[in-house]
file work_21.txt (compact mmCIF, C-alpha atoms)
# COMPACT_ATOMS: atom_id res chain seq x y z
CA MET R 1 12.87 5.92 -32.99
CA THR R 2 10.12 6.70 -30.48
CA ALA R 3 11.89 6.83 -27.11
CA ASN R 4 10.80 4.89 -24.05
CA ARG R 5 12.29 6.32 -20.87
CA GLN R 6 12.89 3.73 -18.17
CA ILE R 7 14.13 3.57 -14.59
CA VAL R 8 16.39 0.54 -14.20
CA LEU R 9 17.34 -1.18 -10.95
CA ASP R 10 21.04 -0.73 -11.59
CA ARG R 11 22.28 -2.42 -8.41
CA LEU R 12 20.46 -4.40 -5.72
CA PRO R 13 20.79 -2.68 -2.34
CA GLY R 14 21.20 -5.86 -0.30
CA GLY R 15 21.47 -4.89 3.37
CA GLU R 16 21.98 -1.19 2.58
CA ARG R 17 19.27 1.42 2.75
CA LEU R 18 17.81 2.18 -0.65
CA ALA R 19 19.43 5.19 -2.32
CA ALA R 20 19.20 7.03 -5.64
CA GLU R 21 22.46 5.45 -6.83
CA HIS R 22 20.79 2.04 -6.90
CA PHE R 23 18.83 3.22 -9.95
CA ALA R 24 19.72 4.45 -13.44
CA VAL R 25 17.80 6.13 -16.25
CA ASN R 26 17.71 4.26 -19.54
CA VAL R 27 16.28 5.22 -22.92
CA ALA R 28 15.07 2.35 -25.10
CA GLU R 29 12.97 2.13 -28.24
CA ARG R 30 9.23 2.06 -27.74
CA PRO R 31 8.04 -1.56 -28.06
CA SER R 32 5.37 -2.75 -30.51
CA PRO R 33 2.54 -5.12 -29.58
CA GLY R 34 2.26 -8.52 -31.19
CA PRO R 35 -0.83 -10.72 -31.60
CA GLY R 36 -2.94 -10.71 -28.44
CA GLU R 37 -0.86 -7.90 -26.93
CA VAL R 38 -1.49 -4.28 -25.96
CA LEU R 39 0.81 -1.26 -25.99
CA LEU R 40 0.36 0.84 -22.85
CA LYS R 41 1.47 4.35 -21.90
CA ALA R 42 1.90 5.03 -18.19
CA ARG R 43 -0.08 7.90 -16.67
CA TYR R 44 0.54 7.31 -12.96
CA ILE R 45 2.89 4.81 -11.31
CA SER R 46 2.08 3.54 -7.83
CA LEU R 47 4.64 3.72 -5.02
CA ASP R 48 4.35 1.01 -2.39
CA ALA R 49 6.54 -0.37 0.39
CA ALA R 50 6.32 -3.70 -1.41
CA ASN R 51 8.54 -2.26 -4.16
CA ARG R 52 11.41 -2.48 -1.68
CA ALA R 53 10.45 -5.94 -0.43
CA TRP R 54 10.72 -7.31 -3.98
CA MET R 55 14.43 -6.46 -3.95
CA GLN R 56 15.03 -8.85 -1.04
CA GLY R 57 13.95 -12.02 -2.82
CA ALA R 58 10.92 -13.87 -4.15
CA THR R 59 7.60 -12.97 -2.52
CA TYR R 60 4.25 -13.40 -4.24
CA ARG R 61 6.20 -12.38 -7.34
CA SER R 62 9.68 -13.22 -8.64
CA ALA R 63 12.66 -11.50 -7.05
CA LEU R 64 14.02 -8.45 -8.83
CA THR R 65 17.47 -8.59 -10.40
CA SER R 66 19.98 -5.88 -11.20
CA GLY R 67 19.76 -4.47 -14.71
CA GLN R 68 16.02 -4.91 -15.16
CA VAL R 69 13.39 -2.22 -15.44
CA MET R 70 12.18 -1.54 -11.90
CA ALA R 71 8.91 -3.35 -11.25
CA GLY R 72 5.73 -1.53 -10.31
CA GLY R 73 2.07 -1.22 -11.13
CA GLY R 74 0.24 1.80 -12.34
CA LEU R 75 -2.56 3.41 -14.25
CA HIS R 76 -1.99 3.06 -17.99
CA GLU R 77 -3.68 4.23 -21.17
CA VAL R 78 -4.08 1.83 -24.09
CA VAL R 79 -2.20 3.18 -27.12
CA GLU R 80 -2.47 0.18 -29.49
CA SER R 81 -4.55 -2.95 -28.99
CA ASN R 82 -4.55 -6.35 -30.66
CA VAL R 83 -7.39 -7.69 -28.50
CA ASP R 84 -11.13 -7.18 -28.85
CA HIS R 85 -11.96 -6.07 -25.29
CA LEU R 86 -9.61 -3.07 -25.19
CA LYS R 87 -9.33 -0.07 -27.50
CA PRO R 88 -7.05 3.00 -27.63
CA GLY R 89 -7.89 5.45 -24.86
CA ASP R 90 -9.10 2.81 -22.39
CA LEU R 91 -7.52 2.88 -18.93
CA VAL R 92 -6.17 -0.25 -17.23
CA PHE R 93 -4.21 -1.11 -14.12
CA ALA R 94 -1.07 -2.93 -15.21
CA ASP R 95 2.25 -4.19 -13.90
CA GLY R 96 4.09 -2.20 -16.53
CA GLY R 97 7.19 -1.30 -14.54
CA TRP R 98 8.90 2.06 -14.16
CA GLN R 99 8.79 3.11 -17.81
CA GLU R 100 6.73 5.23 -20.16
CA TYR R 101 5.62 2.39 -22.46
CA ALA R 102 5.07 -1.32 -21.93
CA VAL R 103 3.66 -4.22 -23.94
CA LEU R 104 1.61 -6.80 -22.05
CA PRO R 105 -0.73 -9.67 -22.95
CA GLY R 106 -4.27 -8.36 -23.29
CA SER R 107 -5.61 -11.40 -21.45
CA ARG R 108 -4.15 -9.97 -18.20
CA LEU R 109 -5.84 -6.59 -18.56
CA SER R 110 -9.34 -5.28 -17.92
CA LYS R 111 -10.80 -1.90 -18.73
CA LEU R 112 -11.24 0.27 -15.65
CA PRO R 113 -14.47 2.18 -14.98
CA ASP R 114 -14.71 5.85 -15.93
CA LEU R 115 -14.31 7.43 -12.47
CA LYS R 116 -13.10 10.90 -11.59
CA PRO R 117 -10.62 11.88 -10.44
CA GLU R 118 -8.79 9.09 -12.20
CA THR R 119 -6.11 9.03 -9.48
CA HIS R 120 -8.72 7.39 -7.23
CA LEU R 121 -8.34 4.31 -9.45
CA LEU R 122 -4.87 3.91 -7.91
CA SER R 123 -5.78 4.86 -4.35
CA VAL R 124 -9.17 4.25 -2.77
CA TYR R 125 -10.55 2.22 -5.70
CA GLY R 126 -7.24 0.51 -6.40
CA ILE R 127 -4.85 -1.76 -4.52
CA ALA R 128 -4.71 0.51 -1.45
CA GLY R 129 -8.46 0.69 -0.92
CA LEU R 130 -9.03 -2.98 -1.63
CA THR R 131 -6.18 -4.02 0.66
CA ALA R 132 -7.62 -1.92 3.47
CA TYR R 133 -11.14 -3.24 2.90
CA PHE R 134 -10.34 -6.95 2.77
CA GLY R 135 -7.53 -6.89 5.32
CA LEU R 136 -9.74 -5.27 7.92
CA LEU R 137 -13.13 -6.82 7.20
CA GLU R 138 -12.11 -10.33 6.11
CA CYS R 139 -8.99 -10.86 8.22
CA GLY R 140 -9.61 -8.56 11.20
CA GLN R 141 -13.39 -9.11 11.35
CA PRO R 142 -14.06 -6.08 13.58
CA LYS R 143 -17.28 -5.73 15.54
CA ALA R 144 -18.94 -2.49 16.63
CA GLY R 145 -17.51 -1.26 19.93
CA GLU R 146 -14.19 -3.07 19.54
CA THR R 147 -10.80 -1.33 19.59
CA VAL R 148 -8.85 -1.38 16.31
CA VAL R 149 -5.20 -0.31 16.15
CA ILE R 150 -3.43 0.39 12.85
CA SER R 151 0.31 0.80 12.27
CA ALA R 152 1.53 3.11 9.48
CA ALA R 153 -1.89 4.68 9.94
CA ALA R 154 -1.15 7.79 7.87
CA GLY R 155 -0.14 5.75 4.82
CA SER R 156 -2.18 4.77 1.79
CA VAL R 157 -3.66 1.62 3.33
CA GLY R 158 -3.68 2.54 7.01
CA SER R 159 -5.55 5.81 6.54
CA ILE R 160 -8.36 3.94 4.79
CA VAL R 161 -8.39 1.06 7.29
CA GLY R 162 -9.01 3.44 10.19
CA GLN R 163 -11.87 5.19 8.44
CA ILE R 164 -13.57 1.90 7.54
CA ALA R 165 -13.21 0.78 11.16
CA LYS R 166 -14.95 4.00 12.27
CA ILE R 167 -17.72 3.39 9.74
CA LYS R 168 -18.17 -0.05 11.31
CA GLY R 169 -18.57 1.49 14.78
CA CYS R 170 -15.15 0.73 16.24
CA ARG R 171 -12.84 2.76 18.45
CA VAL R 172 -9.78 3.48 16.31
CA VAL R 173 -6.19 4.19 17.33
CA GLY R 174 -3.60 5.05 14.69
CA ILE R 175 0.16 4.64 15.05
CA ALA R 176 2.14 7.10 12.91
CA GLY R 177 5.37 9.08 13.00
CA GLY R 178 5.20 12.57 14.47
CA GLU R 179 2.64 14.82 16.11
CA GLU R 180 1.54 16.42 12.83
CA LYS R 181 0.44 13.09 11.36
CA GLY R 182 -1.28 12.24 14.62
CA ARG R 183 -3.30 15.46 14.52
CA TRP R 184 -4.26 14.75 10.90
CA LEU R 185 -5.52 11.29 11.86
CA THR R 186 -7.66 12.54 14.73
CA GLU R 187 -8.78 15.96 13.50
CA THR R 188 -9.31 15.21 9.78
CA LEU R 189 -9.91 11.47 9.50
CA GLY R 190 -11.78 11.03 12.76
CA PHE R 191 -9.53 8.54 14.56
CA ASP R 192 -10.16 8.41 18.30
CA ALA R 193 -6.49 8.59 19.23
CA ALA R 194 -3.02 8.63 17.67
CA VAL R 195 0.28 7.32 19.00
CA ASP R 196 3.72 8.50 17.83
CA TYR R 197 6.03 5.54 17.29
CA LYS R 198 9.00 7.93 17.03
CA SER R 199 8.47 9.19 20.58
CA PRO R 200 10.61 7.76 23.40
CA GLU R 201 7.27 7.50 25.22
CA PHE R 202 5.73 5.32 22.49
CA LYS R 203 4.93 2.30 24.65
CA ARG R 204 3.49 4.45 27.41
CA GLN R 205 1.39 6.35 24.86
CA LEU R 206 0.13 3.06 23.43
CA ARG R 207 -0.88 1.71 26.85
CA ALA R 208 -2.72 4.96 27.58
CA ALA R 209 -4.54 4.84 24.23
CA VAL R 210 -5.71 1.23 24.69
CA PRO R 211 -6.20 0.81 28.46
CA ASP R 212 -8.53 -2.16 27.95
CA GLY R 213 -6.44 -3.81 25.23
CA VAL R 214 -6.69 -4.32 21.47
CA ASP R 215 -9.30 -6.43 19.69
CA VAL R 216 -7.98 -5.99 16.13
CA PHE R 217 -4.47 -4.95 15.06
CA PHE R 218 -3.89 -4.12 11.40
CA ASP R 219 -0.13 -4.33 10.95
CA ASN R 220 1.76 -2.63 8.12
CA THR R 221 5.16 -2.35 9.80
CA GLY R 222 6.31 -5.37 11.77
CA GLY R 223 9.28 -4.82 14.09
CA ASP R 224 9.07 -3.04 17.42
CA VAL R 225 5.58 -1.65 16.74
CA PHE R 226 4.27 -5.14 16.04
CA GLU R 227 5.85 -6.42 19.24
CA ALA R 228 4.35 -3.64 21.36
CA CYS R 229 0.87 -4.19 19.94
CA LEU R 230 1.14 -7.95 20.24
CA PHE R 231 1.55 -7.67 24.00
CA ALA R 232 -1.44 -5.30 24.18
CA MET R 233 -3.84 -7.74 22.48
CA LYS R 234 -6.97 -8.96 24.25
CA ASN R 235 -7.89 -12.61 24.47
CA HIS R 236 -9.19 -13.86 21.11
CA GLY R 237 -7.73 -10.80 19.34
CA ARG R 238 -7.16 -10.81 15.60
CA ILE R 239 -4.10 -9.52 13.77
CA ALA R 240 -4.20 -8.77 10.04
CA CYS R 241 -0.62 -8.95 8.77
CA CYS R 242 -0.45 -6.69 5.71
CA GLY R 243 3.22 -5.67 5.55
CA ALA R 244 6.49 -5.22 7.41
CA VAL R 245 7.88 -1.95 6.08
CA SER R 246 10.16 -1.48 9.11
CA GLN R 247 12.14 -4.54 7.96
CA TYR R 248 12.30 -3.94 4.21
CA ASP R 249 15.02 -1.29 4.05
CA GLY R 250 18.48 -1.81 5.54
CA ALA R 251 19.96 -4.60 7.64
CA ALA R 252 17.74 -7.32 9.06
CA PRO R 253 16.75 -6.88 12.72
CA PRO R 254 18.83 -8.90 15.22
CA HIS R 255 15.80 -10.76 16.53
CA GLY R 256 12.04 -10.98 16.23
CA PRO R 257 9.46 -10.59 18.99
CA ARG R 258 10.30 -12.91 21.86
CA GLY R 259 7.82 -15.00 23.78
CA VAL R 260 5.42 -14.96 20.84
CA PRO R 261 4.35 -18.64 20.64
CA GLY R 262 3.29 -18.78 24.27
CA LEU R 263 1.50 -15.44 24.02
CA ILE R 264 -0.45 -16.55 20.94
CA VAL R 265 -1.55 -19.68 22.76
CA THR R 266 -2.49 -18.12 26.08
CA LYS R 267 -4.39 -15.23 24.48
CA ARG R 268 -5.81 -17.45 21.72
CA LEU R 269 -4.78 -14.93 19.07
CA THR R 270 -5.40 -15.25 15.35
CA LEU R 271 -2.68 -13.92 13.00
CA ARG R 272 -3.54 -13.91 9.31
CA GLY R 273 -1.29 -12.84 6.50
CA PHE R 274 -2.88 -11.91 3.18
CA VAL R 275 -2.39 -10.29 -0.21
CA VAL R 276 -5.19 -8.42 -1.89
CA MET R 277 -5.45 -10.87 -4.81
CA ASP R 278 -6.79 -13.49 -2.37
CA PHE R 279 -10.19 -11.75 -2.47
CA ALA R 280 -10.44 -10.81 -6.16
CA ASP R 281 -13.79 -12.59 -6.52
CA GLN R 282 -15.28 -10.04 -4.07
CA ASN R 283 -13.89 -6.90 -5.73
CA ASP R 284 -17.23 -5.71 -7.10
CA LYS R 285 -18.86 -5.58 -3.66
CA ALA R 286 -15.81 -3.93 -2.13
CA LEU R 287 -15.71 -1.24 -4.82
CA ALA R 288 -19.42 -0.57 -4.43
CA ASP R 289 -18.96 -0.08 -0.67
CA LEU R 290 -15.88 2.12 -1.11
CA GLN R 291 -17.60 4.31 -3.72
CA GLY R 292 -20.65 4.70 -1.50
CA TRP R 293 -18.54 5.77 1.49
CA VAL R 294 -16.54 8.27 -0.58
CA GLN R 295 -19.69 9.77 -2.12
CA SER R 296 -21.36 10.09 1.28
CA GLY R 297 -18.30 11.81 2.77
CA GLN R 298 -17.70 9.04 5.31
CA LEU R 299 -14.37 8.14 3.69
CA LYS R 300 -11.87 10.91 2.90
CA VAL R 301 -9.23 10.28 0.25
CA GLN R 302 -5.69 11.61 0.65
CA GLU R 303 -3.31 11.39 -2.32
CA ASP R 304 0.34 12.40 -2.62
CA VAL R 305 1.13 12.99 -6.31
CA ILE R 306 4.70 13.72 -7.48
CA ASP R 307 5.47 14.76 -11.06
CA GLY R 308 8.06 13.16 -13.32
CA LEU R 309 9.20 9.61 -14.12
CA GLU R 310 12.75 10.60 -13.14
CA ASN R 311 11.54 11.26 -9.58
CA LEU R 312 10.39 7.68 -8.94
CA PRO R 313 13.53 6.60 -7.01
CA GLU R 314 13.41 9.55 -4.61
CA ALA R 315 9.65 9.13 -4.25
CA LEU R 316 10.08 5.51 -3.13
CA ILE R 317 12.95 6.39 -0.79
CA GLY R 318 10.77 9.09 0.77
CA LEU R 319 7.85 6.73 1.16
CA LEU R 320 10.05 4.24 3.01
CA ALA R 321 11.08 7.09 5.31
CA GLY R 322 7.43 7.91 6.02
CA GLU R 323 7.26 11.23 4.13
CA ASN R 324 3.85 10.63 2.60
CA ARG R 325 0.31 11.04 3.82
CA GLY R 326 -2.12 8.83 1.96
CA LYS R 327 -1.43 7.20 -1.39
CA ARG R 328 1.84 8.23 -3.06
CA MET R 329 2.09 8.02 -6.85
CA VAL R 330 4.12 9.58 -9.64
CA ARG R 331 2.46 11.33 -12.57
CA VAL R 332 4.43 10.27 -15.65

call {"tool": "encode", "arguments": {"input": "work_21.txt", "output": "structure tokens"}}
result
Amino acid sequence: MTANRQIVLDRLPGGERLAAEHFAVNVAERPSPGPGEVLLKARYISLDAANRAWMQGATYRSALTSGQVMAGGGLHEVVESNVDHLKPGDLVFADGGWQEYAVLPGSRLSKLPDLKPETHLLSVYGIAGLTAYFGLLECGQPKAGETVVISAAAGSVGSIVGQIAKIKGCRVVGIAGGEEKGRWLTETLGFDAAVDYKSPEFKRQLRAAVPDGVDVFFDNTGGDVFEACLFAMKNHGRIACCGAVSQYDGAAPPHGPRGVPGLIVTKRLTLRGFVVMDFADQNDKALADLQGWVQSGQLKVQEDVIDGLENLPEALIGLLAGENRGKRMVRV
């Protein structure tokens, strides 16, 4: 038997914080592809806050259940192919789960371009980069000279959003946890200011960083940070709602932002939720722009690579705690 190591969601966490004991390691037999199917071997598995959201119930995908292989996308190599458009050695992005091998219908898969380093196919040229690009430019619609604020700004999406906003001529303020991340945002990525949401002076820091208000808020966190930024919005401000990581792990908050409906009306705000698949027909243009910015040095790429399939649970737990800078992934 050729072994297929898997990480199984052994027990749903419910209202608890995610912990290593919610997962188990399983060894199964490597699957074989049938007609129209492809056998894939995982190279890198993506870690995203959405992994935790899927445990809470149905989202844009079915809810996860205990006992199944943990869901997740990643960069995979084709091992065997029963379709014409893919051959062994090709790389694809696939929802193969937390396991070494997976069989998927070839009709769902497309060969990825030959780009180096290949990890960029998961970060700036993958879901993170595309989410940042479309969320900011299509939903936020920033204009040169406007103020853009990003929550979880040191993460995989937020760090790219801020740099694109700078490229578009905006003033950029990042919200992140801790002074070290704040210095990285301003000194390395070129943000104009950084605000520490962990500081007891967070709201005062935010007011000082945006004295004239916020034109565009790119929200990855929800919760108290969302509420603080909502009340700092200018008239006709736009909010791109990308995620709510502050509410994914642990018990639900006792209440949401209060006074929101009236505030949205009086300030004539636009709030738009989105998922990256909404803009798939524009991927080619987005990738061309992203590649051009990376090659010119205008867009810096930060990746956080952890080795070992067995380390996936701790890697996700750490991401939810804000350990990472840039795109976190596990090299299988």

call {"tool": "residues_around", "arguments": {"input": "work_21.txt", "residues": "R:Asp284", "least_positions_apart": "4", "cutoff": "12 Å", "atoms": "only C-alpha atoms", "output": "list of chain:residue names"}}
result
R:Pro113, R:Tyr125, R:Gly126, R:Leu130, R:Tyr133, R:Phe279, R:Ala280, R:Ala288, R:Asp289, R:Leu290, R:Gln291

call {"tool": "residues_around", "arguments": {"input": "work_21.txt", "residues": "R:Asp304", "least_positions_apart": "4", "cutoff": "7 Å", "atoms": "all atoms listed in the file", "output": "number ranges by chain"}}
result
R: 324-329

call {"tool": "atom_distance", "arguments": {"input": "work_21.txt", "atom1": "atom CA of R:Thr186", "atom2": "atom CA of R:Ala286"}}
result
24.9 Å

call {"tool": "residues_around", "arguments": {"input": "work_21.txt", "residues": "stretch 262-278 of chain R", "least_positions_apart": "2", "cutoff": "9 Å", "atoms": "only C-alpha atoms", "output": "number ranges by chain"}}
result
R: 60, 127-128, 130-132, 134-135, 139-140, 230-231, 233-243, 259-260, 280-281

call {"tool": "atom_distance", "arguments": {"input": "work_21.txt", "atom1": "atom CA of R:Glu138", "atom2": "atom CA of R:Phe217"}}
result
12.9 Å

call {"tool": "closest_residue", "arguments": {"input": "work_21.txt", "among": "R:Glu179, R:Glu29, R:Glu314, R:Asp95", "to": "R:Arg108", "atoms": "only C-alpha atoms"}}
result
R:Asp95

call {"tool": "residues_around", "arguments": {"input": "work_21.txt", "residues": "R:Thr65", "least_positions_apart": "4", "cutoff": "9 Å", "atoms": "only C-alpha atoms", "output": "compact mmCIF listing (two decimals) with C-alpha atoms, in the frame of the given file"}}
result
# COMPACT_ATOMS: atom_id res chain seq x y z
CA LEU R 9 17.34 -1.18 -10.95
CA ASP R 10 21.04 -0.73 -11.59
CA ARG R 11 22.28 -2.42 -8.41
CA LEU R 12 20.46 -4.40 -5.72
CA MET R 55 14.43 -6.46 -3.95
CA MET R 70 12.18 -1.54 -11.90

call {"tool": "residues_around", "arguments": {"input": "work_21.txt", "residues": "R:Phe93", "least_positions_apart": "4", "cutoff": "9 Å", "atoms": "all atoms listed in the file", "output": "JSON list (two decimals) with C-alpha atoms, keeping the file's coordinate frame"}}
result
[["chain", "number", "residue", "atom", "x", "y", "z"],
["R", 73, "GLY", "CA", 2.07, -1.22, -11.13],
["R", 74, "GLY", "CA", 0.24, 1.80, -12.34],
["R", 75, "LEU", "CA", -2.56, 3.41, -14.25],
["R", 76, "HIS", "CA", -1.99, 3.06, -17.99],
["R", 77, "GLU", "CA", -3.68, 4.23, -21.17],
["R", 109, "LEU", "CA", -5.84, -6.59, -18.56],
["R", 110, "SER", "CA", -9.34, -5.28, -17.92],
["R", 111, "LYS", "CA", -10.80, -1.90, -18.73],
["R", 112, "LEU", "CA", -11.24, 0.27, -15.65],
["R", 121, "LEU", "CA", -8.34, 4.31, -9.45],
["R", 122, "LEU", "CA", -4.87, 3.91, -7.91],
["R", 126, "GLY", "CA", -7.24, 0.51, -6.40]]

call {"tool": "closest_residue", "arguments": {"input": "work_21.txt", "among": "R:Val214, R:Val25, R:Val124, R:Val332", "to": "R:Glu146", "atoms": "only C-alpha atoms"}}
result
R:Val214

call {"tool": "residues_near_point", "arguments": {"input": "work_21.txt", "point": "(5.6, 5.3, 13.2)", "cutoff": "6 Å", "atoms": "all atoms listed in the file", "output": "list in words"}}
result
Ala152, Ile175, Ala176, Gly177, Asp196, Tyr197 and Lys198 of chain R

call {"tool": "write_last_selection", "arguments": {"input": "work_21.txt", "atoms": "C-alpha atoms", "output": "PDB file, in the coordinates of the input"}}
result
ATOM      1  CA  ALA R 152       1.530   3.110   9.480  1.00  0.00           C
ATOM      2  CA  ILE R 175       0.160   4.640  15.050  1.00  0.00           C
ATOM      3  CA  ALA R 176       2.140   7.100  12.910  1.00  0.00           C
ATOM      4  CA  GLY R 177       5.370   9.080  13.000  1.00  0.00           C
ATOM      5  CA  ASP R 196       3.720   8.500  17.830  1.00  0.00           C
ATOM      6  CA  TYR R 197       6.030   5.540  17.290  1.00  0.00           C
ATOM      7  CA  LYS R 198       9.000   7.930  17.030  1.00  0.00           C
TER       8      LYS R 198
END
